[in-house]
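Enquirer: Got work.csv for you, CSV, C-alpha atoms:
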chain,number,residue,atom,x,y,z
B,5,MET,CA,0.0,0.0,0.0
B,6,SER,CA,1.6,3.3,0.9
B,7,ASN,CA,4.7,4.0,3.1
B,8,HIS,CA,2.9,6.7,5.1
B,9,PRO,CA,2.8,6.5,8.9
B,10,LEU,CA,-0.4,5.1,10.4
B,11,PRO,CA,-3.3,7.6,10.2
B,12,ARG,CA,-4.2,9.3,13.5
B,13,PRO,CA,-7.8,9.6,14.5
B,14,ALA,CA,-9.2,13.0,13.6
B,15,THR,CA,-10.3,15.3,16.4
B,16,THR,CA,-13.6,17.0,16.3
B,17,PRO,CA,-14.6,20.2,18.0
B,18,TYR,CA,-17.0,18.2,20.2
B,19,ALA,CA,-14.5,15.6,21.4
B,20,PRO,CA,-11.1,16.4,22.6
B,21,ALA,CA,-8.1,14.2,21.3
B,22,ALA,CA,-7.6,12.7,24.7
B,23,GLN,CA,-11.0,11.0,24.7
B,24,LEU,CA,-10.4,9.3,21.3
B,25,VAL,CA,-9.2,5.7,21.3
B,26,ALA,CA,-7.2,4.3,18.4
B,27,ALA,CA,-9.1,1.6,16.4
B,28,PRO,CA,-7.3,-1.7,15.7
B,29,LEU,CA,-5.8,-1.9,12.2
B,30,THR,CA,-7.5,-4.2,9.7
B,31,GLY,CA,-7.2,-4.7,5.9
B,32,PRO,CA,-5.1,-6.4,3.3
B,33,VAL,CA,-1.3,-6.6,3.7
B,34,GLN,CA,1.0,-6.2,0.8
B,35,LEU,CA,4.2,-8.2,0.8
B,36,HIS,CA,7.5,-7.0,-0.6
B,37,ALA,CA,7.5,-9.5,-3.5
B,38,GLU,CA,4.0,-8.3,-4.5
B,39,LEU,CA,5.2,-4.7,-4.4
B,40,ALA,CA,8.1,-5.4,-6.6
B,41,ALA,CA,5.9,-7.2,-9.2
B,42,HIS,CA,3.5,-4.3,-9.1
B,43,HIS,CA,6.3,-1.8,-9.9
B,44,GLN,CA,7.6,-4.1,-12.6
B,45,ALA,CA,4.1,-4.3,-14.2
B,46,GLN,CA,3.8,-0.6,-14.1
B,47,ALA,CA,7.2,-0.3,-15.8
B,48,GLU,CA,6.2,-2.8,-18.5
B,49,THR,CA,5.2,-1.5,-22.0
B,50,VAL,CA,1.5,-1.1,-22.6
B,51,VAL,CA,0.2,-2.1,-26.0
B,52,TRP,CA,-3.3,-1.5,-27.5
B,53,VAL,CA,-5.2,-4.6,-28.7
B,54,PRO,CA,-8.7,-5.0,-30.0
B,55,ASP,CA,-11.2,-6.7,-27.6
B,56,ALA,CA,-14.2,-8.9,-28.6
B,57,THR,CA,-16.3,-5.9,-29.7
B,58,GLY,CA,-13.5,-4.3,-31.8
B,59,ARG,CA,-12.6,-1.5,-29.3
B,60,MET,CA,-8.9,-1.0,-28.6
B,61,VAL,CA,-8.0,-1.6,-25.0
B,62,PRO,CA,-4.6,-1.2,-23.2
B,63,VAL,CA,-2.9,-4.4,-22.2
B,64,PRO,CA,0.6,-5.0,-20.7
B,65,ARG,CA,3.0,-6.5,-23.3
B,66,SER,CA,3.4,-9.8,-21.5
B,67,HIS,CA,-0.4,-10.3,-21.5
B,68,ALA,CA,-0.7,-9.3,-25.1
B,69,ASP,CA,1.7,-12.0,-26.2
B,70,ALA,CA,-0.3,-14.6,-24.4
B,71,LEU,CA,-3.5,-13.3,-26.0
B,72,ILE,CA,-1.9,-13.4,-29.5
B,73,ALA,CA,-0.7,-16.9,-28.9
B,74,ALA,CA,-4.2,-18.0,-27.7
B,75,VAL,CA,-6.1,-16.6,-30.8
B,76,PRO,CA,-5.1,-18.4,-34.0
B,77,ALA,CA,-4.3,-16.2,-37.0
B,78,THR,CA,-7.1,-15.9,-39.6
B,79,LEU,CA,-6.3,-17.9,-42.7
B,80,PRO,CA,-6.6,-16.1,-46.0
B,81,ARG,CA,-9.8,-16.8,-47.9
B,82,ASP,CA,-9.8,-18.6,-51.2
B,83,LEU,CA,-11.3,-16.1,-53.7
B,84,THR,CA,-11.1,-18.2,-56.9
B,85,PRO,CA,-14.4,-18.3,-58.8
B,86,GLN,CA,-16.5,-21.3,-58.0
B,87,PRO,CA,-19.1,-23.0,-60.3
B,88,LEU,CA,-22.7,-21.8,-59.9
B,89,ILE,CA,-23.8,-25.4,-59.1
B,90,ASP,CA,-21.7,-27.8,-57.1
B,91,SER,CA,-20.4,-30.7,-59.1
B,92,ARG,CA,-21.9,-33.2,-56.6
B,93,ALA,CA,-25.2,-31.4,-56.8
B,94,GLN,CA,-25.1,-31.7,-60.6
B,95,VAL,CA,-24.6,-35.4,-60.3
B,96,ILE,CA,-27.5,-35.8,-57.9
B,97,LEU,CA,-29.7,-33.6,-60.1
B,98,ALA,CA,-28.8,-35.6,-63.2
B,99,ALA,CA,-29.5,-38.9,-61.5
B,100,GLY,CA,-32.9,-37.6,-60.3
B,101,VAL,CA,-33.8,-36.3,-63.8
B,102,GLY,CA,-32.6,-39.5,-65.4
B,103,THR,CA,-34.5,-41.7,-63.0
B,104,GLY,CA,-37.7,-39.6,-63.5
B,105,ALA,CA,-37.4,-39.8,-67.2
B,106,ALA,CA,-36.9,-43.5,-67.1
B,107,ALA,CA,-39.9,-43.9,-64.8
B,108,ALA,CA,-42.0,-41.8,-67.0
B,109,GLY,CA,-41.0,-43.9,-70.1
B,110,ILE,CA,-41.6,-47.1,-68.3
B,111,GLY,CA,-45.0,-45.9,-67.1
B,112,TYR,CA,-45.9,-44.7,-70.6
B,113,GLY,CA,-44.9,-48.0,-72.1
B,114,LEU,CA,-46.8,-50.0,-69.5
B,115,GLY,CA,-49.8,-47.8,-70.1
B,116,GLN,CA,-49.6,-48.5,-73.8
B,117,VAL,CA,-49.5,-52.3,-73.1
B,118,ILE,CA,-52.1,-52.4,-70.3
B,119,ALA,CA,-54.7,-50.1,-71.9
B,120,PRO,CA,-55.6,-52.5,-74.8
B,121,LEU,CA,-55.7,-55.4,-72.4
B,122,ALA,CA,-58.1,-53.4,-70.2
B,123,ALA,CA,-60.2,-52.4,-73.2
B,124,VAL,CA,-60.4,-56.0,-74.4
B,125,ALA,CA,-61.3,-57.2,-70.9
B,126,SER,CA,-63.9,-54.6,-70.3
B,127,SER,CA,-65.4,-54.7,-73.9
B,128,GLY,CA,-65.2,-58.5,-73.8
B,129,GLY,CA,-67.1,-58.5,-70.6
B,130,LEU,CA,-69.6,-56.1,-72.0
B,131,TRP,CA,-70.1,-58.4,-75.1
B,132,ALA,CA,-70.5,-61.4,-72.8
B,133,LEU,CA,-73.2,-59.6,-70.8
B,134,ALA,CA,-75.0,-58.7,-74.0
B,135,LEU,CA,-74.9,-62.3,-75.2
B,136,LEU,CA,-76.2,-63.6,-71.9
B,137,ALA,CA,-79.0,-61.1,-72.0
B,138,VAL,CA,-80.0,-62.1,-75.5
B,139,ILE,CA,-79.8,-65.8,-74.6
B,140,GLY,CA,-81.7,-65.2,-71.4
B,141,THR,CA,-84.6,-63.4,-73.1
B,142,ALA,CA,-84.7,-66.0,-75.9
B,143,ALA,CA,-84.9,-68.8,-73.4
B,144,ARG,CA,-87.8,-67.1,-71.5
B,145,ARG,CA,-89.9,-66.7,-74.7
B,146,THR,CA,-92.3,-69.5,-75.3
B,147,PRO,CA,-93.3,-70.1,-78.9
B,148,THR,CA,-97.0,-69.4,-79.4
B,149,THR,CA,-98.9,-71.1,-82.2
B,150,HIS,CA,-101.7,-68.7,-83.0
B,151,THR,CA,-103.6,-68.7,-86.2
B,152,THR,CA,-105.3,-65.6,-87.4
B,153,HIS,CA,-108.0,-65.8,-90.1
B,154,ILE,CA,-108.7,-62.7,-92.1
B,155,THR,CA,-111.7,-62.5,-94.4
B,156,ASN,CA,-112.2,-59.8,-96.9
B,157,HIS,CA,-115.6,-59.1,-98.4
B,158,ILE,CA,-115.8,-56.8,-101.4
B,159,ASN,CA,-119.3,-55.8,-102.6
B,160,ALA,CA,-119.6,-54.6,-106.1
B,161,ARG,CA,-122.2,-51.9,-106.8
B,162,TRP,CA,-123.5,-50.0,-109.8
B,163,TRP,CA,-121.5,-47.5,-111.7
B,164,GLY,CA,-118.0,-48.9,-110.6
B,165,ARG,CA,-118.5,-48.4,-107.0
B,166,ALA,CA,-117.4,-51.0,-104.5
B,167,GLY,CA,-117.4,-51.5,-100.7
B,168,ALA,CA,-115.0,-53.6,-98.6
B,169,GLU,CA,-115.3,-55.3,-95.3
B,170,THR,CA,-112.5,-57.1,-93.3
B,171,ARG,CA,-113.1,-59.6,-90.5
B,172,THR,CA,-110.5,-61.1,-88.2
B,173,ARG,CA,-111.0,-64.2,-86.1
Please go through the file and, once you have read it, give me the structure as structure tokens.
Expert:
Amino acid sequence: MSNHPLPRPATTPYAPAAQLVAAPLTGPVQLHAELAAHHQAQAETVVWVPDATGRMVPVPRSHADALIAAVPATLPRDLTPQPLIDSRAQVILAAGVGTGAAAAGIGYGLGQVIAPLAAVASSGGLWALALLAVIGTAARRTPTTHTTHITNHINARWWGRAGAETRTR
């Protein structure tokens, strides 16, 4: 701390100095080695370094060396032009497009093969139902033997006139 003599209690106009009692001394004690290190730190060169927010702060040279060693140097960036689409992405895209085109082609081909089969099956089923309907109605019909007798009577009259009468039994 300081090399001054111990402080004396202050006297006030209301209390004479004889009535004051010295208080016991308390507080931190500074050793001689700490005092020498303190003077050495004060004598050390101060450098300015940026902190985490970018402001410049004063730091003793010994601490700045430790900070520089702890923070790795930033590597220079590679600024060579890159392709617009990554080569791996191009391969994946091409595989997806090729697979989609193949699936569409296979689907179209299967559709061309299955559509006539479905048409034959459905139209064949329709023809079978029509045939069964015709056979069923023909089987239900009973042949009727019915004889119809038609009689025509023509009556001749004078002057080229005639009259006709038809009877059905």
Enquirer: So how far away is CA of Arg81 (chain B) from CA of Trp52 (chain B), in Å?
Expert: 26.3 Å
Enquirer: Excluding same-chain residues fewer than 4 positions from His153 (chain B), what lies within 9 Å of it counting only C-alpha atoms, as a PyMOL selection string?
Expert: chain B and resi 171-173
Enquirer: So that I have them on file, write out the residues from the current selection with C-alpha atoms, as an mmCIF file, in the coordinates of the input.
Expert:
data_model
loop_
_atom_site.group_PDB
_atom_site.id
_atom_site.type_symbol
_atom_site.label_atom_id
_atom_site.label_comp_id
_atom_site.auth_asym_id
_atom_site.auth_seq_id
_atom_site.Cartn_x
_atom_site.Cartn_y
_atom_site.Cartn_z
ATOM 1 C CA ARG B 171 -113.100 -59.600 -90.500
ATOM 2 C CA THR B 172 -110.500 -61.100 -88.200
ATOM 3 C CA ARG B 173 -111.000 -64.200 -86.100
#
Enquirer: By how many Å are CA of Gly104 (chain B) and CA of Leu88 (chain B) apart?
Expert: 23.6 Å
Enquirer: Provide the CA of Leu133 (chain B) to CA of Leu114 (chain B) distance in Å, to one decimal place.
Expert: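 CA of Leu133 (chain B) sits 28.1 Å away from CA of Leu114 (chain B).
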Enquirer: Any chance you could build region 160-171 of chain B out to all heavy atoms and write it as a PDB file, in the frame of the given file?
Expert:
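File written: part29.pdb
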ATOM      1  N   ALA B 160    -119.597 -55.381-104.898  1.00  0.00           N
ATOM      2  CA  ALA B 160    -119.600 -54.600-106.100  1.00  0.00           C
ATOM      3  C   ALA B 160    -120.967 -53.895-106.232  1.00  0.00           C
ATOM      4  O   ALA B 160    -121.991 -54.501-106.023  1.00  0.00           O
ATOM      5  CB  ALA B 160    -119.343 -55.445-107.325  1.00  0.00           C
ATOM      6  N   ARG B 161    -120.950 -52.650-106.677  1.00  0.00           N
ATOM      7  CA  ARG B 161    -122.200 -51.900-106.800  1.00  0.00           C
ATOM      8  C   ARG B 161    -122.239 -51.315-108.231  1.00  0.00           C
ATOM      9  O   ARG B 161    -121.291 -51.414-108.997  1.00  0.00           O
ATOM     10  CB  ARG B 161    -122.217 -50.782-105.770  1.00  0.00           C
ATOM     11  CG  ARG B 161    -122.289 -51.330-104.354  1.00  0.00           C
ATOM     12  CD  ARG B 161    -122.513 -50.195-103.395  1.00  0.00           C
ATOM     13  NE  ARG B 161    -122.418 -50.717-102.014  1.00  0.00           N
ATOM     14  CZ  ARG B 161    -122.259 -50.023-100.992  1.00  0.00           C
ATOM     15  NH1 ARG B 161    -122.111 -48.737-101.090  1.00  0.00           N
ATOM     16  NH2 ARG B 161    -122.222 -50.562 -99.816  1.00  0.00           N
ATOM     17  N   TRP B 162    -123.301 -50.643-108.472  1.00  0.00           N
ATOM     18  CA  TRP B 162    -123.500 -50.000-109.800  1.00  0.00           C
ATOM     19  C   TRP B 162    -122.506 -48.895-109.964  1.00  0.00           C
ATOM     20  O   TRP B 162    -122.036 -48.263-109.055  1.00  0.00           O
ATOM     21  CB  TRP B 162    -124.908 -49.558-109.964  1.00  0.00           C
ATOM     22  CG  TRP B 162    -125.890 -50.657-110.059  1.00  0.00           C
ATOM     23  CD1 TRP B 162    -126.595 -51.214-109.074  1.00  0.00           C
ATOM     24  CD2 TRP B 162    -126.257 -51.288-111.229  1.00  0.00           C
ATOM     25  NE1 TRP B 162    -127.385 -52.179-109.492  1.00  0.00           N
ATOM     26  CE2 TRP B 162    -127.206 -52.260-110.882  1.00  0.00           C
ATOM     27  CE3 TRP B 162    -125.918 -51.235-112.594  1.00  0.00           C
ATOM     28  CZ2 TRP B 162    -127.819 -53.093-111.808  1.00  0.00           C
ATOM     29  CZ3 TRP B 162    -126.559 -52.072-113.454  1.00  0.00           C
ATOM     30  CH2 TRP B 162    -127.469 -52.978-113.062  1.00  0.00           C
ATOM     31  N   TRP B 163    -122.272 -48.595-111.224  1.00  0.00           N
ATOM     32  CA  TRP B 163    -121.500 -47.500-111.700  1.00  0.00           C
ATOM     33  C   TRP B 163    -120.025 -47.548-111.167  1.00  0.00           C
ATOM     34  O   TRP B 163    -119.378 -46.571-110.884  1.00  0.00           O
ATOM     35  CB  TRP B 163    -122.098 -46.143-111.369  1.00  0.00           C
ATOM     36  CG  TRP B 163    -123.482 -46.034-111.854  1.00  0.00           C
ATOM     37  CD1 TRP B 163    -124.591 -46.147-111.125  1.00  0.00           C
ATOM     38  CD2 TRP B 163    -123.850 -45.778-113.157  1.00  0.00           C
ATOM     39  NE1 TRP B 163    -125.703 -45.978-111.870  1.00  0.00           N
ATOM     40  CE2 TRP B 163    -125.246 -45.748-113.181  1.00  0.00           C
ATOM     41  CE3 TRP B 163    -123.209 -45.586-114.399  1.00  0.00           C
ATOM     42  CZ2 TRP B 163    -125.997 -45.530-114.335  1.00  0.00           C
ATOM     43  CZ3 TRP B 163    -123.973 -45.354-115.508  1.00  0.00           C
ATOM     44  CH2 TRP B 163    -125.332 -45.327-115.458  1.00  0.00           C
ATOM     45  N   GLY B 164    -119.432 -48.686-110.963  1.00  0.00           N
ATOM     46  CA  GLY B 164    -118.000 -48.900-110.600  1.00  0.00           C
ATOM     47  C   GLY B 164    -117.700 -48.649-109.156  1.00  0.00           C
ATOM     48  O   GLY B 164    -116.535 -48.555-108.773  1.00  0.00           O
ATOM     49  N   ARG B 165    -118.800 -48.625-108.436  1.00  0.00           N
ATOM     50  CA  ARG B 165    -118.500 -48.400-107.000  1.00  0.00           C
ATOM     51  C   ARG B 165    -118.421 -49.795-106.334  1.00  0.00           C
ATOM     52  O   ARG B 165    -119.100 -50.743-106.719  1.00  0.00           O
ATOM     53  CB  ARG B 165    -119.594 -47.600-106.373  1.00  0.00           C
ATOM     54  CG  ARG B 165    -119.590 -46.217-106.901  1.00  0.00           C
ATOM     55  CD  ARG B 165    -120.591 -45.439-106.167  1.00  0.00           C
ATOM     56  NE  ARG B 165    -120.668 -44.110-106.763  1.00  0.00           N
ATOM     57  CZ  ARG B 165    -121.204 -43.101-106.216  1.00  0.00           C
ATOM     58  NH1 ARG B 165    -121.710 -43.204-105.028  1.00  0.00           N
ATOM     59  NH2 ARG B 165    -121.258 -41.967-106.821  1.00  0.00           N
ATOM     60  N   ALA B 166    -117.512 -49.806-105.185  1.00  0.00           N
ATOM     61  CA  ALA B 166    -117.400 -51.000-104.500  1.00  0.00           C
ATOM     62  C   ALA B 166    -117.251 -50.708-102.969  1.00  0.00           C
ATOM     63  O   ALA B 166    -116.810 -49.653-102.571  1.00  0.00           O
ATOM     64  CB  ALA B 166    -116.181 -51.834-104.927  1.00  0.00           C
ATOM     65  N   GLY B 167    -117.564 -51.673-102.155  1.00  0.00           N
ATOM     66  CA  GLY B 167    -117.400 -51.500-100.700  1.00  0.00           C
ATOM     67  C   GLY B 167    -116.655 -52.716-100.190  1.00  0.00           C
ATOM     68  O   GLY B 167    -116.754 -53.823-100.678  1.00  0.00           O
ATOM     69  N   ALA B 168    -115.829 -52.530 -99.157  1.00  0.00           N
ATOM     70  CA  ALA B 168    -115.000 -53.600 -98.600  1.00  0.00           C
ATOM     71  C   ALA B 168    -115.211 -53.761 -97.135  1.00  0.00           C
ATOM     72  O   ALA B 168    -115.466 -52.801 -96.427  1.00  0.00           O
ATOM     73  CB  ALA B 168    -113.541 -53.363 -98.922  1.00  0.00           C
ATOM     74  N   GLU B 169    -115.122 -55.007 -96.695  1.00  0.00           N
ATOM     75  CA  GLU B 169    -115.300 -55.300 -95.300  1.00  0.00           C
ATOM     76  C   GLU B 169    -114.268 -56.350 -94.895  1.00  0.00           C
ATOM     77  O   GLU B 169    -114.135 -57.334 -95.591  1.00  0.00           O
ATOM     78  CB  GLU B 169    -116.706 -55.770 -95.029  1.00  0.00           C
ATOM     79  CG  GLU B 169    -117.008 -56.072 -93.623  1.00  0.00           C
ATOM     80  CD  GLU B 169    -118.429 -56.580 -93.472  1.00  0.00           C
ATOM     81  OE1 GLU B 169    -119.334 -56.080 -94.156  1.00  0.00           O
ATOM     82  OE2 GLU B 169    -118.607 -57.498 -92.671  1.00  0.00           O
ATOM     83  N   THR B 170    -113.536 -56.164 -93.769  1.00  0.00           N
ATOM     84  CA  THR B 170    -112.500 -57.100 -93.300  1.00  0.00           C
ATOM     85  C   THR B 170    -112.869 -57.616 -91.942  1.00  0.00           C
ATOM     86  O   THR B 170    -113.216 -56.840 -91.055  1.00  0.00           O
ATOM     87  CB  THR B 170    -111.131 -56.465 -93.282  1.00  0.00           C
ATOM     88  OG1 THR B 170    -110.818 -55.910 -94.544  1.00  0.00           O
ATOM     89  CG2 THR B 170    -110.034 -57.450 -92.900  1.00  0.00           C
ATOM     90  N   ARG B 171    -112.825 -58.971 -91.811  1.00  0.00           N
ATOM     91  CA  ARG B 171    -113.100 -59.600 -90.500  1.00  0.00           C
ATOM     92  C   ARG B 171    -111.906 -60.405 -90.082  1.00  0.00           C
ATOM     93  O   ARG B 171    -111.329 -61.145 -90.870  1.00  0.00           O
ATOM     94  CB  ARG B 171    -114.329 -60.465 -90.598  1.00  0.00           C
ATOM     95  CG  ARG B 171    -115.565 -59.711 -90.802  1.00  0.00           C
ATOM     96  CD  ARG B 171    -116.714 -60.652 -90.729  1.00  0.00           C
ATOM     97  NE  ARG B 171    -117.921 -59.934 -91.113  1.00  0.00           N
ATOM     98  CZ  ARG B 171    -119.032 -60.500 -91.486  1.00  0.00           C
ATOM     99  NH1 ARG B 171    -119.095 -61.801 -91.527  1.00  0.00           N
ATOM    100  NH2 ARG B 171    -120.078 -59.800 -91.801  1.00  0.00           N
TER     101      ARG B 171
END
